[in-house]
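Trainee: Okay, so here is structure30.cif, and as you'll see once you scroll down, it has mmCIF, C-alpha atoms.
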data_work
loop_
_atom_site.label_atom_id
_atom_site.label_comp_id
_atom_site.auth_asym_id
_atom_site.auth_seq_id
_atom_site.Cartn_x
_atom_site.Cartn_y
_atom_site.Cartn_z
CA MET A 1494 5.52 -24.89 -6.85
CA SER A 1495 2.29 -23.29 -5.62
CA THR A 1496 2.01 -20.05 -3.75
CA ALA A 1497 0.27 -19.54 -0.43
CA VAL A 1498 -2.68 -17.84 -2.12
CA PRO A 1499 -2.88 -19.18 -5.69
CA LEU A 1500 -4.06 -16.66 -8.26
CA SER A 1501 -6.45 -18.16 -10.78
CA LEU A 1502 -7.27 -16.33 -13.99
CA ARG A 1503 -10.47 -15.02 -12.40
CA SER A 1504 -8.66 -13.91 -9.24
CA THR A 1505 -6.01 -12.14 -11.31
CA LEU A 1506 -8.70 -10.37 -13.30
CA VAL A 1507 -10.55 -9.29 -10.14
CA LEU A 1508 -7.28 -8.09 -8.61
CA GLY A 1509 -6.41 -6.13 -11.73
CA VAL A 1510 -9.83 -4.47 -11.99
CA THR A 1511 -9.72 -3.61 -8.27
CA SER A 1512 -6.29 -2.04 -8.64
CA VAL A 1513 -7.47 0.12 -11.55
CA ILE A 1514 -10.59 1.21 -9.65
CA GLY A 1515 -8.54 1.89 -6.52
CA LEU A 1516 -6.07 4.01 -8.48
CA LEU A 1517 -8.94 6.02 -9.95
CA MET A 1518 -10.34 6.57 -6.45
CA LEU A 1519 -6.96 7.71 -5.16
CA SER A 1520 -6.64 10.11 -8.08
CA TRP A 1521 -10.05 11.74 -7.68
CA PRO A 1522 -8.62 15.28 -7.14
CA LEU A 1523 -7.00 15.12 -10.59
CA LEU A 1524 -9.94 13.48 -12.34
CA LEU A 1525 -13.00 15.16 -10.80
CA ASP A 1526 -14.77 17.51 -13.22
CA VAL A 1527 -15.83 20.59 -11.25
CA ASP A 1528 -17.26 23.96 -12.26
CA PRO A 1529 -14.51 26.54 -11.51
CA SER A 1530 -17.12 29.00 -10.20
CA ALA A 1531 -18.61 26.54 -7.72
CA GLN A 1532 -18.82 27.74 -4.13
CA ARG A 1533 -18.44 24.22 -2.78
CA VAL A 1534 -16.54 21.13 -3.88
CA ASP A 1535 -17.70 17.72 -2.65
CA PRO A 1536 -15.46 14.70 -3.15
CA PRO A 1537 -17.23 11.72 -4.73
CA PHE A 1538 -18.01 10.11 -1.38
CA LEU A 1539 -20.46 7.61 -2.84
CA PHE A 1540 -17.78 6.48 -5.28
CA LEU A 1541 -15.17 6.35 -2.54
CA GLY A 1542 -17.50 4.33 -0.33
CA LEU A 1543 -17.29 1.47 -2.79
CA LEU A 1544 -13.65 0.80 -1.92
CA PRO A 1545 -14.25 -1.22 1.30
CA VAL A 1546 -16.84 -3.33 -0.55
CA ILE A 1547 -14.43 -3.93 -3.44
CA LEU A 1548 -11.66 -4.94 -1.05
CA ALA A 1549 -14.00 -7.37 0.70
CA VAL A 1550 -14.89 -8.95 -2.65
CA VAL A 1551 -11.21 -9.31 -3.57
CA LEU A 1552 -10.32 -10.90 -0.23
CA ALA A 1553 -13.22 -13.33 -0.59
CA GLU A 1554 -12.12 -14.19 -4.12
CA LEU A 1555 -8.52 -14.79 -3.06
CA SER A 1556 -9.55 -16.91 -0.09
CA GLU A 1557 -11.47 -19.22 -2.42
CA GLY A 1558 -8.23 -19.94 -4.27
CA GLY A 1559 -6.82 -22.21 -1.59
CA MET A 1560 -6.16 -20.38 1.68
CA ASP A 1561 -6.26 -23.36 4.03
CA ALA A 1562 -5.89 -23.43 7.83
CA ARG A 1563 -2.08 -23.41 7.74
CA VAL A 1564 -1.97 -20.41 5.45
CA LEU A 1565 -4.53 -18.61 7.61
CA ALA A 1566 -2.39 -19.30 10.68
CA ILE A 1567 0.71 -17.82 9.02
CA LEU A 1568 -1.35 -14.86 7.78
CA GLY A 1569 -2.73 -14.27 11.26
CA VAL A 1570 0.69 -14.37 12.91
CA LEU A 1571 2.28 -12.00 10.39
CA SER A 1572 -0.70 -9.62 10.57
CA ALA A 1573 -0.51 -9.53 14.36
CA VAL A 1574 3.26 -8.95 14.33
CA ASN A 1575 2.84 -6.17 11.76
CA ALA A 1576 0.12 -4.54 13.85
CA VAL A 1577 2.38 -4.54 16.92
CA LEU A 1578 5.34 -3.22 14.92
CA ARG A 1579 3.23 -0.37 13.61
CA LEU A 1580 1.97 0.39 17.09
CA LEU A 1581 5.56 0.61 18.38
CA SER A 1582 7.11 2.49 15.49
CA ALA A 1583 4.54 4.67 13.73
CA GLY A 1584 4.22 8.37 14.45
CA THR A 1585 7.89 9.31 14.72
CA ALA A 1586 9.34 10.93 11.59
CA GLY A 1587 8.00 8.21 9.33
CA LEU A 1588 9.73 5.35 11.15
CA GLU A 1589 7.41 2.45 10.28
CA LEU A 1590 8.52 -1.15 10.64
CA VAL A 1591 5.32 -2.61 9.22
CA PHE A 1592 6.46 -2.48 5.60
CA PHE A 1593 9.64 -4.54 5.80
CA LEU A 1594 7.81 -7.63 7.08
CA LEU A 1595 5.05 -7.04 4.53
CA ILE A 1596 7.64 -7.01 1.74
CA LEU A 1597 9.34 -10.17 3.00
CA GLY A 1598 6.00 -11.95 3.40
CA GLY A 1599 5.01 -11.11 -0.15
CA ARG A 1600 8.43 -12.17 -1.40
CA VAL A 1601 8.25 -15.62 0.16
CA PHE A 1602 4.56 -16.46 -0.08
CA GLY A 1603 3.63 -14.77 -3.35
CA ALA A 1604 1.70 -11.82 -4.73
CA GLY A 1605 -1.75 -12.98 -3.62
CA PHE A 1606 -0.60 -13.54 -0.05
CA GLY A 1607 1.20 -10.17 -0.08
CA PHE A 1608 -1.99 -8.42 -1.15
CA VAL A 1609 -4.04 -10.02 1.61
CA LEU A 1610 -1.31 -9.42 4.20
CA GLY A 1611 -1.21 -5.72 3.33
CA CYS A 1612 -4.97 -5.43 3.88
CA THR A 1613 -5.09 -7.39 7.13
CA SER A 1614 -1.95 -5.78 8.61
CA LEU A 1615 -3.18 -2.21 8.14
CA PHE A 1616 -6.69 -3.11 9.32
CA ALA A 1617 -5.40 -4.81 12.48
CA SER A 1618 -3.00 -1.98 13.26
CA ALA A 1619 -5.77 0.60 12.77
CA LEU A 1620 -7.89 -1.19 15.37
CA MET A 1621 -4.97 -1.20 17.82
CA THR A 1622 -4.03 2.46 17.28
CA ALA A 1623 -7.55 3.89 16.95
CA GLY A 1624 -6.66 4.76 13.38
CA VAL A 1625 -9.98 3.81 11.82
CA GLY A 1626 -11.26 6.49 9.46
CA PRO A 1627 -12.07 7.26 5.83
CA TRP A 1628 -8.37 6.96 5.02
CA LEU A 1629 -8.14 3.32 6.20
CA PRO A 1630 -9.41 1.61 3.01
CA PHE A 1631 -6.85 3.59 1.02
CA GLN A 1632 -4.06 2.61 3.42
CA MET A 1633 -5.11 -1.02 3.14
CA LEU A 1634 -5.17 -0.90 -0.65
CA VAL A 1635 -1.80 0.82 -1.08
CA ALA A 1636 -0.17 -1.47 1.51
CA ALA A 1637 -1.70 -4.43 -0.36
CA TRP A 1638 0.00 -3.18 -3.53
CA VAL A 1639 3.32 -3.05 -1.68
CA GLY A 1640 2.96 -6.69 -0.59
CA MET A 1641 1.75 -7.80 -4.00
CA GLY A 1642 4.61 -6.02 -5.76
CA ALA A 1643 7.14 -7.85 -3.58
CA GLY A 1644 5.61 -11.13 -4.69
CA LEU A 1645 6.01 -10.15 -8.34
CA LEU A 1646 9.74 -9.44 -8.13
CA PRO A 1647 12.06 -11.73 -10.18
CA ARG A 1648 12.14 -15.20 -8.65
CA ARG A 1649 15.64 -16.33 -9.50
CA VAL A 1650 17.49 -13.54 -7.70
CA THR A 1651 19.06 -14.99 -4.54
CA GLY A 1652 21.66 -14.29 -1.88
CA ARG A 1653 23.03 -10.81 -1.51
CA ARG A 1654 21.53 -9.71 -4.80
CA GLU A 1655 18.10 -10.63 -3.47
CA ILE A 1656 18.59 -8.50 -0.34
CA ALA A 1657 19.87 -5.61 -2.47
CA MET A 1658 16.82 -5.93 -4.73
CA LEU A 1659 14.47 -5.92 -1.74
CA VAL A 1660 16.22 -2.88 -0.25
CA VAL A 1661 15.76 -0.95 -3.49
CA TYR A 1662 12.15 -2.07 -3.69
CA GLY A 1663 11.57 -1.04 -0.07
CA ILE A 1664 12.89 2.45 -0.77
CA VAL A 1665 10.78 2.89 -3.91
CA ALA A 1666 7.69 1.47 -2.17
CA ALA A 1667 8.13 3.90 0.74
CA TYR A 1668 8.00 6.94 -1.54
CA LEU A 1669 5.16 5.57 -3.67
CA TYR A 1670 3.09 4.80 -0.57
CA GLY A 1671 3.51 8.36 0.64
CA LEU A 1672 2.75 9.79 -2.80
CA LEU A 1673 -0.48 7.84 -3.24
CA MET A 1674 -1.72 8.50 0.28
CA ASN A 1675 -1.01 12.22 -0.17
CA LEU A 1676 -2.96 12.23 -3.42
CA GLN A 1677 -6.29 11.18 -1.90
CA GLY A 1678 -5.92 13.53 1.09
CA TRP A 1679 -4.32 16.53 -0.60
CA PRO A 1680 -7.51 18.68 -0.98
CA PHE A 1681 -8.39 18.15 2.70
CA MET A 1682 -4.91 19.07 3.95
CA ALA A 1683 -3.94 21.87 1.56
CA GLY A 1684 -7.42 23.24 1.09
CA VAL A 1685 -9.65 23.78 -1.93
CA GLN A 1686 -9.38 27.03 -3.86
CA VAL A 1687 -12.94 28.35 -4.20
CA PRO A 1688 -14.20 31.94 -4.49
CA GLY A 1689 -14.42 33.77 -1.19
CA GLN A 1690 -12.19 31.40 0.78
CA ASP A 1691 -8.53 31.53 1.73
CA SER A 1692 -6.16 29.30 -0.24
CA THR A 1693 -2.47 28.78 -0.91
CA GLU A 1694 -0.30 28.02 -3.90
CA LEU A 1695 -0.52 24.37 -2.90
CA SER A 1696 -4.32 24.20 -2.82
CA TYR A 1697 -6.44 22.04 -5.06
CA VAL A 1698 -8.02 24.19 -7.81
CA PRO A 1699 -11.36 22.79 -9.00
CA GLY A 1700 -11.71 22.82 -12.76
CA ALA A 1701 -8.06 23.73 -13.35
CA PRO A 1702 -6.10 21.92 -16.09
CA LEU A 1703 -4.69 18.57 -15.07
CA LEU A 1704 -1.07 19.69 -15.33
CA ASP A 1705 -1.71 22.74 -13.12
CA ASN A 1706 -3.24 20.68 -10.32
CA LEU A 1707 -0.56 18.03 -10.77
CA HIS A 1708 2.10 20.72 -10.31
CA HIS A 1709 0.40 21.94 -7.10
CA PHE A 1710 0.23 18.38 -5.81
CA VAL A 1711 3.88 17.58 -6.55
CA VAL A 1712 5.05 20.75 -4.78
CA TYR A 1713 2.75 19.97 -1.84
CA THR A 1714 4.15 16.44 -1.56
CA LEU A 1715 7.78 17.56 -1.80
CA LEU A 1716 7.31 20.19 0.90
CA THR A 1717 5.18 18.23 3.34
CA SER A 1718 6.05 14.56 2.94
CA THR A 1719 8.95 13.55 0.72
CA GLY A 1720 11.80 14.97 2.77
CA GLY A 1721 10.32 13.89 6.11
CA TRP A 1722 7.85 11.03 6.50
CA ASP A 1723 8.59 9.32 3.20
CA THR A 1724 12.35 9.50 3.61
CA GLY A 1725 12.09 8.23 7.17
CA ARG A 1726 9.97 5.33 5.93
CA ALA A 1727 12.47 4.60 3.13
CA ILE A 1728 15.43 4.59 5.54
CA THR A 1729 13.57 2.33 7.96
CA ASN A 1730 12.69 -0.10 5.16
CA ALA A 1731 16.25 -0.16 3.83
CA LEU A 1732 17.88 -0.74 7.21
CA ALA A 1733 15.36 -3.36 8.33
CA LEU A 1734 15.58 -5.28 5.06
CA ALA A 1735 19.38 -5.15 4.98
CA LEU A 1736 19.93 -6.09 8.63
CA LEU A 1737 16.97 -8.39 9.37
CA GLY A 1738 16.04 -9.52 5.87
CA PRO A 1739 18.29 -12.62 5.60
CA ALA A 1740 17.24 -14.05 8.96
CA VAL A 1741 13.54 -13.30 8.46
CA LEU A 1742 13.58 -14.74 4.93
CA THR A 1743 15.10 -17.97 6.28
CA THR A 1744 12.45 -18.18 9.00
CA LEU A 1745 9.56 -17.50 6.63
CA ARG A 1746 10.82 -20.02 4.10
CA ARG A 1747 11.13 -22.65 6.81
CA ALA A 1748 7.53 -21.93 7.81
CA ALA A 1749 6.50 -22.13 4.14
CA ARG A 1750 8.08 -25.57 3.78
CA ARG A 1751 6.38 -26.86 6.90
CA ALA A 1752 3.06 -25.54 5.67
CA ARG A 1753 3.79 -26.92 2.19
CA VAL A 1754 2.98 -23.57 0.59
CA GLU A 1755 6.29 -22.37 -0.75
CA GLY A 1756 6.32 -18.91 -2.30
CA PRO A 1757 7.77 -17.93 -5.66
CA ALA A 1758 11.11 -16.85 -4.24
CA ALA A 1759 11.47 -19.99 -2.14
CA THR A 1760 12.15 -22.24 -5.09
CA ALA A 1761 15.71 -21.00 -5.62
CA ARG A 1762 17.91 -21.10 -2.57
#
Please lay out the structure from this file as structure tokens.

Mentor:
Amino acid sequence: MSTAVPLSLRSTLVLGVTSVIGLLMLSWPLLLDVDPSAQRVDPPFLFLGLLPVILAVVLAELSEGGMDARVLAILGVLSAVNAVLRLLSAGTAGLELVFFLLILGGRVFGAGFGFVLGCTSLFASALMTAGVGPWLPFQMLVAAWVGMGAGLLPRRVTGRREIAMLVVYGIVAAYLYGLLMNLQGWPFMAGVQVPGQDSTELSYVPGAPLLDNLHHFVVYTLLTSTGGWDTGRAITNALALALLGPAVLTTLRRAARRARVEGPAATAR
């Protein structure tokens, strides 16, 4: 069986390289080499500016692999629904309904489709919520990883075990999404510890050993995100996948059969 967005060897390589580069960009506070005595710390904006270009290249590469009109129609519908769900649910204690449909879409239609759906869903929702900013490419990339990961889950798990697996994945993905998004924005939110400026125990310390900055970041995440936004997102994912997952999976698989682009999980029912 083929997936909605087939991954050729070249597409897989491009996707892998993009993921590594994206992870490096997200981790810039831990990797940037800075003089401890510097009076100013500038993030590598030129390096970060490459991310939208890289994402565009990846999407173009994936679309060349066989995204026909029927697949584009399904992608457009799911992206629009996700954008509306995020508009209705985001901003209240981490309650975000966008991820459960992203996970189910990746599960049914495959890893390539899940990656593209993550990018298009977050981009469309940002346009609707006026959420366009320097953080958007990172949100698109991390959401794309969530959708891609769902498409890489074991194929032969079905029935209640499949729903349980998706619930666990949804919980883990919720916390990882929050962790990665906190990582790229941590110096801006917690401040940068430079001579002559106020700072806290959670601030990013330029030139400090990796483990020291990693400790500051973990404490910052636990205090500001894990117990609130991330947990709210995890609970939302778990409830939505457990309650709506079976019906939505059936609907998506029916659409996949009609479009003749069955996903990896649709082969065992």

Trainee: CA of Met1658 in chain A to CA of Ala1733 in chain A: how many Å, to one decimal?

Mentor: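 Answer for the CA of Met1658 in chain A to CA of Ala1733 in chain A separation: 13.4 Å.
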
Trainee: For range 1617-1632 of chain A, list every protein, DNA or RNA residue within 8 Å, evaluated using only C-alpha atoms, and leave out those in the same chain fewer than 3 positions away; present the list as a PyMOL selection string.

Mentor: chain A and resi 1515+1519+1544-1545+1572-1573+1575-1577+1579-1580+1613-1614+1635-1636+1674

Trainee: For CA of Arg1747 in chain A and CA of Val1661 in chain A, quote the distance in Å rounded to one decimal.

Mentor: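 Pair CA of Arg1747 in chain A / CA of Val1661 in chain A returns 24.5 Å.
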
Trainee: Please determine, counting only C-alpha atoms, which residue among A:Phe1602, A:Tyr1662, A:Trp1521, A:Tyr1670 has the shortest atom-to-atom distance to Leu1703 in chain A.

Mentor: A:Trp1521

Trainee: In terms of the shortest atom-to-atom distance over all atoms listed in the file, which of A:Val1574, A:Leu1590, A:Leu1634, A:Ala1643 is closest to Ala1604 in chain A?

Mentor: A:Ala1643

Trainee: Would you mind telling me which residue in A:Val1601, A:Val1507, A:Leu1734, A:Leu1548 lies nearest to Arg1746 in chain A when using all atoms listed in the file?

Mentor: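 Of all the options, A:Val1601 lies closest to Arg1746 in chain A.
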
Trainee: On this file, the PyMOL selection byres ((chain A and resi 1712) around 12) gives some set of residues; write that set as a ChimeraX atom specification.

Mentor: /A:1672,1675-1676,1679,1683,1693-1697,1705-1711,1713-1720

Trainee: Which neighbours of Ile1656 in chain A fall inside 12 Å, counting only C-alpha atoms, when residues of the same chain fewer than 5 positions from it are skipped, and could you give them as a list of chain:residue names?

Mentor: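 The contact residues come out as A:Phe1593, A:Ile1596, A:Leu1597, A:Arg1600, A:Ala1643, A:Leu1646, A:Val1650, A:Thr1651, A:Val1661, A:Tyr1662, A:Gly1663, A:Asn1730, A:Ala1731, A:Leu1732, A:Ala1733, A:Leu1734, A:Ala1735, A:Leu1736, A:Leu1737, A:Gly1738, A:Pro1739, A:Ala1740, A:Val1741, A:Leu1742, A:Ala1758.
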
Trainee: Rounded to one decimal in Å, what is the spacing between CA of Ile1664 in chain A and CA of Ile1514 in chain A?

Mentor: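 A separation of 25.1 Å between them.
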
Trainee: Considering only C-alpha atoms, state which residue in the set A:Thr1511, A:Gly1603, A:Val1570, A:Arg1751 is at the smallest distance from Arg1648 in chain A.

Mentor: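 The answer is A:Gly1603, which sits nearest to Arg1648 in chain A.
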
Trainee: Return the single residue from A:Gly1652, A:Gly1640, A:Pro1647, A:Gly1607 that is closest to Ala1666 in chain A, with distances computed using only C-alpha atoms.

Mentor: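 Checking each candidate against Ala1666 in chain A, we get A:Gly1640 as the closest.
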
Trainee: Find the residue from A:Leu1578, A:Ile1728, A:Leu1568, A:Val1639 that sits nearest to Leu1610 in chain A; use all atoms listed in the file when measuring.

Mentor: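 Nearest candidate to Leu1610 in chain A out of A:Leu1578, A:Ile1728, A:Leu1568, A:Val1639: A:Leu1568.
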
Trainee: Starting from 4 Å padding per side, set up an axis-aligned box that covers all listed atoms of range 1618-1630 of chain A and hand over centre and edge lengths in Å, one decimal, as JSON.

Mentor:
{"center_x": -7.5, "center_y": 2.6, "center_z": 10.4, "size_x": 17.1, "size_y": 17.2, "size_z": 22.8}
